[in-house]
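What's in target_8.pdb: PDB, C-alpha atoms
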ATOM      1  CA  MET A 394     102.679  91.082 132.221
ATOM      2  CA  SER A 395     106.110  90.727 133.773
ATOM      3  CA  VAL A 396     107.744  93.637 135.548
ATOM      4  CA  ALA A 397     110.391  93.716 132.808
ATOM      5  CA  ALA A 398     107.764  94.007 130.115
ATOM      6  CA  MET A 399     106.048  96.792 131.992
ATOM      7  CA  GLU A 400     109.332  98.647 132.243
ATOM      8  CA  ARG A 401     109.770  98.354 128.486
ATOM      9  CA  GLY A 402     106.439 100.106 128.111
ATOM     10  CA  CYS A 403     104.840  97.297 126.135
ATOM     11  CA  LEU A 404     101.061  97.571 126.396
ATOM     12  CA  LEU A 405      99.123  94.384 125.703
ATOM     13  CA  LEU A 406      95.364  94.818 125.515
ATOM     14  CA  ILE A 407      92.475  92.504 124.832
ATOM     15  CA  VAL A 408      89.565  94.883 124.540
ATOM     16  CA  PHE A 409      85.982  93.715 124.740
ATOM     17  CA  VAL A 410      82.929  95.881 124.309
ATOM     18  CA  GLY A 411      81.840  96.012 127.913
ATOM     19  CA  PHE A 412      85.225  96.013 129.572
ATOM     20  CA  VAL A 413      88.957  95.864 129.015
ATOM     21  CA  MET A 414      91.255  93.134 130.292
ATOM     22  CA  VAL A 415      94.759  94.553 130.546
ATOM     23  CA  ALA A 416      97.824  92.486 131.328
ATOM     24  CA  HIS A 417      98.951  94.775 134.144
ATOM     25  CA  GLY A 418      95.668  94.207 135.999
ATOM     26  CA  ARG A 419      93.544  97.246 135.170
ATOM     27  CA  ARG A 420      89.926  96.578 134.288
ATOM     28  CA  ALA A 421      87.989  99.328 132.507
ATOM     29  CA  ILE A 422      85.005  99.816 130.252
ATOM     30  CA  PHE A 423      85.451 100.185 126.504
ATOM     31  CA  TRP A 424      84.991 103.953 126.570
ATOM     32  CA  GLU A 425      88.050 104.426 128.772
ATOM     33  CA  ASP A 426      90.394 103.179 126.049
ATOM     34  CA  PHE A 427      88.608 104.566 122.987
ATOM     35  CA  ARG A 428      87.126 107.946 122.232
ATOM     36  CA  ILE A 429      84.371 109.057 119.918
ATOM     37  CA  THR A 430      85.807 111.067 117.062
ATOM     38  CA  TRP A 431      82.622 111.747 115.161
ATOM     39  CA  SER A 432      78.905 112.002 115.982
ATOM     40  CA  GLU A 433      78.432 110.747 119.523
ATOM     41  CA  ASP A 434      74.699 110.122 119.029
ATOM     42  CA  HIS A 435      75.465 107.715 116.161
ATOM     43  CA  ILE A 436      77.532 105.315 118.303
ATOM     44  CA  LYS A 437      75.962 103.031 120.871
ATOM     45  CA  GLU A 438      76.237  99.664 122.556
ATOM     46  CA  ALA A 439      74.030  96.971 121.065
ATOM     47  CA  THR A 440      73.283  93.276 121.467
ATOM     48  CA  VAL A 441      74.026  91.255 118.335
ATOM     49  CA  ASP A 442      73.615  87.476 118.255
ATOM     50  CA  GLU A 443      73.390  87.491 122.072
ATOM     51  CA  ASP A 444      76.733  89.283 122.353
ATOM     52  CA  ASN A 445      77.640  92.882 123.142
ATOM     53  CA  ALA A 446      78.934  95.043 120.315
ATOM     54  CA  ILE A 447      79.570  98.658 119.391
ATOM     55  CA  GLN A 448      77.150  99.923 116.744
ATOM     56  CA  LEU A 449      78.174 102.607 114.251
ATOM     57  CA  VAL A 450      75.351 104.339 112.410
ATOM     58  CA  LEU A 451      75.218 106.208 109.103
ATOM     59  CA  ASP A 452      72.149 108.206 108.072
ATOM     60  CA  GLN A 453      71.476 111.333 106.063
ATOM     61  CA  THR A 454      72.580 113.547 108.949
ATOM     62  CA  SER A 455      75.945 112.001 109.743
ATOM     63  CA  GLY A 456      78.329 109.087 109.780
ATOM     64  CA  SER A 457      80.275 108.085 112.897
ATOM     65  CA  GLY A 458      83.647 106.980 114.184
ATOM     66  CA  PHE A 459      85.854 106.200 117.164
ATOM     67  CA  ALA A 460      89.576 105.902 117.871
ATOM     68  CA  SER A 461      91.993 104.570 120.450
ATOM     69  CA  LYS A 462      93.137 107.064 123.047
ATOM     70  CA  LYS A 463      96.696 105.758 122.779
ATOM     71  CA  GLN A 464      98.987 105.385 119.791
ATOM     72  CA  PHE A 465     101.127 102.337 119.085
ATOM     73  CA  LEU A 466     104.420 101.602 117.337
ATOM     74  CA  PHE A 467     104.639  98.049 115.953
ATOM     75  CA  GLY A 468     102.485  95.152 117.030
ATOM     76  CA  HIS A 469      99.277  93.346 116.116
ATOM     77  CA  VAL A 470      95.753  94.785 116.192
ATOM     78  CA  SER A 471      92.464  93.183 115.251
ATOM     79  CA  MET A 472      88.743  93.554 115.635
ATOM     80  CA  LYS A 473      85.664  91.591 114.705
ATOM     81  CA  ILE A 474      83.261  93.428 112.405
ATOM     82  CA  LYS A 475      79.789  92.642 111.066
ATOM     83  CA  LEU A 476      79.171  94.788 108.009
ATOM     84  CA  ILE A 477      76.038  96.463 106.644
ATOM     85  CA  PRO A 478      73.610  93.910 105.164
ATOM     86  CA  GLY A 479      71.614  94.266 101.961
ATOM     87  CA  ASP A 480      71.982  97.348  99.783
ATOM     88  CA  SER A 481      75.004  99.177 101.174
ATOM     89  CA  ALA A 482      76.135 100.875  97.941
ATOM     90  CA  GLY A 483      78.031 104.118  98.507
ATOM     91  CA  THR A 484      78.924 103.389 102.129
ATOM     92  CA  VAL A 485      82.402 102.720 103.499
ATOM     93  CA  THR A 486      83.095 100.950 106.781
ATOM     94  CA  ALA A 487      86.718 101.391 107.797
ATOM     95  CA  PHE A 488      89.259 100.005 110.241
ATOM     96  CA  TYR A 489      92.663 101.627 110.011
ATOM     97  CA  MET A 490      95.769 102.918 111.737
ATOM     98  CA  ASN A 491      96.907 106.513 111.250
ATOM     99  CA  SER A 492      99.789 108.611 112.559
ATOM    100  CA  ASN A 493      97.708 111.815 112.293
ATOM    101  CA  THR A 494     100.697 113.728 110.923
ATOM    102  CA  ASP A 495      99.136 115.232 107.783
ATOM    103  CA  SER A 496     101.560 115.461 104.836
ATOM    104  CA  ILE A 497     104.049 112.934 106.257
ATOM    105  CA  ARG A 498     101.462 110.570 107.682
ATOM    106  CA  ASP A 499     101.746 106.822 107.925
ATOM    107  CA  GLU A 500      98.484 104.921 107.497
ATOM    108  CA  LEU A 501      97.334 101.304 107.155
ATOM    109  CA  ASP A 502      93.780 100.952 105.811
ATOM    110  CA  PHE A 503      91.007  98.402 105.660
ATOM    111  CA  GLU A 504      88.060  99.970 103.783
ATOM    112  CA  PHE A 505      84.948  97.887 103.156
ATOM    113  CA  LEU A 506      83.175  99.214 100.087
ATOM    114  CA  GLY A 507      79.394  98.902 100.064
ATOM    115  CA  ASN A 508      77.552  97.167  97.240
ATOM    116  CA  ARG A 509      74.173  96.539  95.729
ATOM    117  CA  SER A 510      72.353  93.495  97.136
ATOM    118  CA  GLY A 511      73.649  90.197  95.824
ATOM    119  CA  GLN A 512      77.077  91.493  94.816
ATOM    120  CA  PRO A 513      80.269  90.539  96.660
ATOM    121  CA  TYR A 514      81.638  92.876  99.310
ATOM    122  CA  THR A 515      84.964  94.410  98.308
ATOM    123  CA  VAL A 516      87.693  95.261 100.818
ATOM    124  CA  GLN A 517      90.228  97.880  99.778
ATOM    125  CA  THR A 518      93.598  98.079 101.507
ATOM    126  CA  ASN A 519      95.988 100.994 101.242
ATOM    127  CA  ILE A 520      99.337 101.911 102.767
ATOM    128  CA  TYR A 521     100.791 105.362 103.358
ATOM    129  CA  ALA A 522     104.460 105.597 104.296
ATOM    130  CA  GLN A 523     106.030 108.987 105.054
ATOM    131  CA  GLY A 524     103.193 110.720 103.234
ATOM    132  CA  LYS A 525     103.214 108.547 100.120
ATOM    133  CA  GLY A 526     100.042 106.564  99.429
ATOM    134  CA  GLU A 527      98.132 105.549  96.281
ATOM    135  CA  ARG A 528      98.855 101.860  96.959
ATOM    136  CA  GLU A 529      95.310 100.531  96.672
ATOM    137  CA  GLN A 530      94.499  96.861  96.288
ATOM    138  CA  ARG A 531      90.986  95.410  96.228
ATOM    139  CA  VAL A 532      89.804  91.921  97.084
ATOM    140  CA  ASN A 533      86.277  90.524  96.815
ATOM    141  CA  LEU A 534      85.509  88.708 100.062
ATOM    142  CA  TRP A 535      84.688  85.011  99.635
ATOM    143  CA  PHE A 536      81.884  85.082 102.227
ATOM    144  CA  ASP A 537      79.030  87.345 103.272
ATOM    145  CA  PRO A 538      80.613  89.673 105.870
ATOM    146  CA  SER A 539      77.193  90.980 106.907
ATOM    147  CA  ALA A 540      75.906  87.555 108.005
ATOM    148  CA  ASP A 541      78.313  87.176 110.934
ATOM    149  CA  PHE A 542      81.326  88.712 112.641
ATOM    150  CA  HIS A 543      84.722  88.131 111.016
ATOM    151  CA  THR A 544      88.189  89.024 112.279
ATOM    152  CA  TYR A 545      90.248  91.657 110.454
ATOM    153  CA  SER A 546      93.829  92.160 111.609
ATOM    154  CA  ILE A 547      97.001  94.131 110.912
ATOM    155  CA  LEU A 548     100.437  92.774 111.808
ATOM    156  CA  TRP A 549     103.072  95.516 111.731
ATOM    157  CA  ASN A 550     106.686  94.763 112.544
ATOM    158  CA  HIS A 551     110.154  95.739 111.335
ATOM    159  CA  HIS A 552     109.974  93.195 108.492
ATOM    160  CA  HIS A 553     106.573  93.579 106.894
ATOM    161  CA  ILE A 554     102.926  94.614 107.224
ATOM    162  CA  VAL A 555     100.308  91.886 106.832
ATOM    163  CA  PHE A 556      96.564  92.492 106.422
ATOM    164  CA  SER A 557      94.534  89.369 107.242
ATOM    165  CA  VAL A 558      90.903  88.275 107.157
ATOM    166  CA  ASP A 559      90.091  85.430 109.544
ATOM    167  CA  ALA A 560      93.860  84.763 109.742
ATOM    168  CA  ILE A 561      94.149  84.513 105.920
ATOM    169  CA  PRO A 562      96.633  87.065 104.528
ATOM    170  CA  ILE A 563      95.198  89.281 101.794
ATOM    171  CA  ARG A 564      97.986  91.885 101.580
ATOM    172  CA  VAL A 565     101.693  91.917 102.392
ATOM    173  CA  PHE A 566     103.948  94.979 102.233
ATOM    174  CA  LYS A 567     107.606  94.241 102.899
ATOM    175  CA  ASN A 568     110.155  96.571 104.441
ATOM    176  CA  ASN A 569     112.334  97.483 101.483
ATOM    177  CA  GLN A 570     113.885 100.623 102.920
ATOM    178  CA  ALA A 571     117.287  99.322 101.863
ATOM    179  CA  ARG A 572     116.061  99.832  98.285
ATOM    180  CA  GLY A 573     114.868 103.356  98.977
ATOM    181  CA  ILE A 574     111.198 102.471  99.439
ATOM    182  CA  PRO A 575     109.522 104.275 102.385
ATOM    183  CA  TYR A 576     108.294 102.057 105.216
ATOM    184  CA  PRO A 577     106.397 103.134 108.344
ATOM    185  CA  LYS A 578     108.756 102.616 111.246
ATOM    186  CA  SER A 579     109.140 105.775 113.329
ATOM    187  CA  GLN A 580     105.677 107.315 113.774
ATOM    188  CA  PRO A 581     103.225 105.763 116.241
ATOM    189  CA  MET A 582      99.694 105.289 114.969
ATOM    190  CA  GLY A 583      96.270 105.333 116.548
ATOM    191  CA  ILE A 584      93.534 102.802 115.766
ATOM    192  CA  TYR A 585      90.415 104.164 114.071
ATOM    193  CA  SER A 586      87.030 102.926 112.888
ATOM    194  CA  THR A 587      84.499 104.896 110.849
ATOM    195  CA  LEU A 588      81.288 104.488 108.885
ATOM    196  CA  TRP A 589      80.692 107.193 106.285
ATOM    197  CA  ASN A 590      79.135 108.335 103.018
ATOM    198  CA  ALA A 591      81.566 107.817 100.124
ATOM    199  CA  ASP A 592      79.134 107.463  97.254
ATOM    200  CA  ASN A 593      81.255 109.745  95.095
ATOM    201  CA  TRP A 594      83.732 106.848  94.628
ATOM    202  CA  ALA A 595      83.101 103.736  96.726
ATOM    203  CA  THR A 596      80.774 101.639  94.528
ATOM    204  CA  ARG A 597      81.538 101.267  90.824
ATOM    205  CA  GLY A 598      83.613 104.421  90.885
ATOM    206  CA  GLY A 599      80.749 106.525  92.228
ATOM    207  CA  LEU A 600      78.103 105.386  89.730
ATOM    208  CA  GLU A 601      76.085 103.684  92.478
ATOM    209  CA  LYS A 602      74.737 106.167  95.021
ATOM    210  CA  ILE A 603      73.416 105.567  98.521
ATOM    211  CA  ASP A 604      69.743 104.647  98.638
ATOM    212  CA  TRP A 605      68.755 106.681 101.679
ATOM    213  CA  SER A 606      65.407 104.892 101.866
ATOM    214  CA  LYS A 607      67.434 101.970 103.282
ATOM    215  CA  ALA A 608      68.925 104.103 106.069
ATOM    216  CA  PRO A 609      69.993 103.926 108.808
ATOM    217  CA  PHE A 610      73.001 101.772 107.925
ATOM    218  CA  ASN A 611      74.590  99.900 110.824
ATOM    219  CA  ALA A 612      77.962  98.211 111.267
ATOM    220  CA  TYR A 613      78.946  96.349 114.424
ATOM    221  CA  TYR A 614      82.325  95.931 116.139
ATOM    222  CA  LYS A 615      83.512  93.738 119.006
ATOM    223  CA  ASP A 616      86.491  91.878 120.511
ATOM    224  CA  PHE A 617      89.166  94.509 119.939
ATOM    225  CA  ASP A 618      92.584  92.932 120.411
ATOM    226  CA  ILE A 619      95.629  95.192 120.759
ATOM    227  CA  GLU A 620      99.061  93.670 121.360
ATOM    228  CA  ALA A 621     101.515  96.447 120.680
ATOM    229  CA  CYS A 622     103.974  98.960 122.088
ATOM    230  CA  GLY A 623     101.956 101.811 123.547
ATOM    231  CA  VAL A 624     103.013 105.432 123.208
ATOM    232  CA  PRO A 625     104.034 107.033 125.456
ATOM    233  CA  GLY A 626     106.052 104.082 126.671
ATOM    234  CA  GLY A 627     109.536 102.722 127.022
ATOM    235  CA  VAL A 628     111.684 103.062 123.905
ATOM    236  CA  ARG A 629     113.070  99.579 124.449
ATOM    237  CA  CYS A 630     109.710  98.026 123.587
ATOM    238  CA  PHE A 631     109.773  99.295 120.006
ATOM    239  CA  SER A 632     113.063  97.565 119.223
ATOM    240  CA  ASP A 633     112.716  94.531 121.476
ATOM    241  CA  PRO A 634     113.240  91.346 119.395
ATOM    242  CA  ASN A 635     111.495  89.372 122.126
ATOM    243  CA  ASN A 636     108.103  90.854 121.245
ATOM    244  CA  TRP A 637     106.151  87.965 119.728
ATOM    245  CA  TRP A 638     105.298  89.956 116.597
ATOM    246  CA  GLU A 639     109.041  90.422 115.930
ATOM    247  CA  SER A 640     109.875  86.729 116.344
ATOM    248  CA  LEU A 641     111.323  84.592 113.563
ATOM    249  CA  ASN A 642     107.906  83.057 112.944
ATOM    250  CA  HIS A 643     106.558  86.474 111.945
ATOM    251  CA  THR A 644     109.351  87.770 109.713
ATOM    252  CA  ASN A 645     107.799  85.949 106.745
ATOM    253  CA  LEU A 646     104.563  84.167 105.968
ATOM    254  CA  THR A 647     104.366  80.506 106.974
ATOM    255  CA  PRO A 648     103.967  77.914 104.185
ATOM    256  CA  LEU A 649     100.221  77.704 104.904
ATOM    257  CA  GLN A 650      99.897  81.482 104.881
ATOM    258  CA  ARG A 651     101.746  81.612 101.566
ATOM    259  CA  ARG A 652      99.342  79.114 100.023
ATOM    260  CA  ASN A 653      96.328  81.034 101.313
ATOM    261  CA  TYR A 654      97.821  84.336 100.132
ATOM    262  CA  ARG A 655      98.338  82.977  96.624
ATOM    263  CA  TRP A 656      94.771  81.635  96.626
ATOM    264  CA  VAL A 657      93.365  85.058  97.533
ATOM    265  CA  ARG A 658      95.412  86.874  94.900
ATOM    266  CA  LEU A 659      94.596  84.376  92.145
ATOM    267  CA  ASN A 660      90.890  84.012  92.868
ATOM    268  CA  HIS A 661      89.660  87.136  94.645
ATOM    269  CA  MET A 662      91.875  90.123  93.809
ATOM    270  CA  VAL A 663      90.005  92.527  91.522
ATOM    271  CA  TYR A 664      92.358  95.522  91.520
ATOM    272  CA  ASP A 665      96.068  96.077  92.060
ATOM    273  CA  TYR A 666      97.694  99.477  91.643
ATOM    274  CA  CYS A 667     100.867  97.722  90.506
ATOM    275  CA  THR A 668      99.190  96.599  87.272
ATOM    276  CA  ASP A 669      97.185  99.771  86.600
ATOM    277  CA  LYS A 670      99.063 101.223  83.630
ATOM    278  CA  SER A 671      96.581 104.085  83.273
ATOM    279  CA  ARG A 672      97.699 105.419  86.660
ATOM    280  CA  PHE A 673     101.270 104.158  86.652
ATOM    281  CA  PRO A 674     102.759 103.708  83.149
ATOM    282  CA  VAL A 675     105.935 102.769  84.995
ATOM    283  CA  SER A 676     105.177 100.452  87.901
ATOM    284  CA  PRO A 677     106.087 101.847  91.336
ATOM    285  CA  GLN A 678     109.415 100.622  92.635
ATOM    286  CA  GLU A 679     107.958  98.481  95.407
ATOM    287  CA  CYS A 680     106.001  96.457  92.838
ATOM    288  CA  HIS A 681     109.325  95.007  91.659
ATOM    289  CA  ALA A 682     110.881  94.706  95.103
ATOM    290  CA  GLY A 683     108.306  92.347  96.580
ATOM    291  CA  ILE A 684     104.997  93.422  98.057
TER
END

Could you render the structure as structure tokens?
Amino acid sequence: MSVAAMERGCLLLIVFVGFVMVAHGRRAIFWEDFRITWSEDHIKEATVDEDNAIQLVLDQTSGSGFASKKQFLFGHVSMKIKLIPGDSAGTVTAFYMNSNTDSIRDELDFEFLGNRSGQPYTVQTNIYAQGKGEREQRVNLWFDPSADFHTYSILWNHHHIVFSVDAIPIRVFKNNQARGIPYPKSQPMGIYSTLWNADNWATRGGLEKIDWSKAPFNAYYKDFDIEACGVPGGVRCFSDPNNWWESLNHTNLTPLQRRNYRWVRLNHMVYDYCTDKSRFPVSPQECHAGI
């Protein structure tokens, strides 16, 4: 990292399980940049496919979770996840960003909803802006996410928020503040991951319960990549147009990304709050302003 970038307070991290490579030269183990938020004895290091990973465990006693020690305001975050194999009905594995500000919170969610064996895994995304949520969309993944690690990422800049799976966009939420639609832009957010019991809603609306005879349930995480403005940090970083995630190439989807995005929505989307007339007889404003 250049001296100028350091002065702007821009923190660029590529975080691996065993250590952290930081642009300003610091080298630290994973646990120095993340903290356990839930059930320390259910989180451990593990070897998966001859690679190091962080294992989250869910059993009848507890789920588990961890979070970044720092918060971030705009940038790009990603992690590779290998989800629970077999019968995972009722479980939720999550990767999300959260401002931790209660009623006015901003939040960007990936939630992987467990299933019965042989059924497709569903990923639910949701966006909270200034306390307003209920923006769920669901996509059936087009591969088995328990067979190997796949990359899940969130791009968050002044123009839009893009959720991607293996670099394929599955959700775009544009900044339409000019039309009176809330957009997260002022509250820094931490990065969180959890594995928990949600069998009251996660699989077929709660009809499918967890089969505890299959426990423990394990999800694996590795290769955490954080390129974002760290908080606390220099204010100039947050508004710096020279940050790569604010560049012209990232203000809109590329032609290839647009094609892939249309393909996902046409072939794999199974729920969209914008078309749910039972919940929203009048479609929310952002559904007409461009998602």

- Message: I need the output of the PyMOL selection byres ((chain A and resi 428) around 12) for this file as an MDAnalysis selection string; which residues are they?
- Response: chainID A and resid 422:427 429:433 436 457:463 583:586

- Task: Would you mind listing what lies within 9 Å of range 483-500 of chain A as a ChimeraX atom specification, with all atoms listed in the file counted and same-chain residues fewer than 6 positions away left out?
- Result: /A:451,464,472,476-477,506-509,519-526,545,547,576-578,580-597,599-604,610,612

Evaluated on this file, the PyMOL selection byres ((chain A and resi 639) around 10) picks out some residues - which ones are they, written as a PDB file with C-alpha atoms, in the frame of the given file?
ATOM      1  CA  PHE A 467     104.639  98.049 115.953  1.00  0.00           C
ATOM      2  CA  GLY A 468     102.485  95.152 117.030  1.00  0.00           C
ATOM      3  CA  LEU A 548     100.437  92.774 111.808  1.00  0.00           C
ATOM      4  CA  TRP A 549     103.072  95.516 111.731  1.00  0.00           C
ATOM      5  CA  ASN A 550     106.686  94.763 112.544  1.00  0.00           C
ATOM      6  CA  HIS A 551     110.154  95.739 111.335  1.00  0.00           C
ATOM      7  CA  HIS A 552     109.974  93.195 108.492  1.00  0.00           C
ATOM      8  CA  HIS A 553     106.573  93.579 106.894  1.00  0.00           C
ATOM      9  CA  PHE A 631     109.773  99.295 120.006  1.00  0.00           C
ATOM     10  CA  SER A 632     113.063  97.565 119.223  1.00  0.00           C
ATOM     11  CA  ASP A 633     112.716  94.531 121.476  1.00  0.00           C
ATOM     12  CA  PRO A 634     113.240  91.346 119.395  1.00  0.00           C
ATOM     13  CA  ASN A 635     111.495  89.372 122.126  1.00  0.00           C
ATOM     14  CA  ASN A 636     108.103  90.854 121.245  1.00  0.00           C
ATOM     15  CA  TRP A 637     106.151  87.965 119.728  1.00  0.00           C
ATOM     16  CA  TRP A 638     105.298  89.956 116.597  1.00  0.00           C
ATOM     17  CA  SER A 640     109.875  86.729 116.344  1.00  0.00           C
ATOM     18  CA  LEU A 641     111.323  84.592 113.563  1.00  0.00           C
ATOM     19  CA  ASN A 642     107.906  83.057 112.944  1.00  0.00           C
ATOM     20  CA  HIS A 643     106.558  86.474 111.945  1.00  0.00           C
ATOM     21  CA  THR A 644     109.351  87.770 109.713  1.00  0.00           C
TER      22      THR A 644
END

- Item | Atomic distance CA of Ile561 in chain A - CA of Glu679 in chain A, expressed in Å with one decimal |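 Atom-to-atom, CA of Ile561 in chain A and CA of Glu679 in chain A are spaced 22.3 Å apart.
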
- Message: I want to know what sits within 12 Å of Ser606 in chain A, based on all atoms listed in the file, with residues of the same chain fewer than 6 positions away left out; could you give that as a PyMOL selection string?
- Response: chain A and resi 452-453+480-481

Mind dumping the selected residues with C-alpha atoms as a short mmCIF file (atom, residue, chain, number, x, y, z; two decimals), in the coordinates of the input?
data_model
loop_
_atom_site.label_atom_id
_atom_site.label_comp_id
_atom_site.auth_asym_id
_atom_site.auth_seq_id
_atom_site.Cartn_x
_atom_site.Cartn_y
_atom_site.Cartn_z
CA ASP A 452 72.15 108.21 108.07
CA GLN A 453 71.48 111.33 106.06
CA ASP A 480 71.98 97.35 99.78
CA SER A 481 75.00 99.18 101.17
#
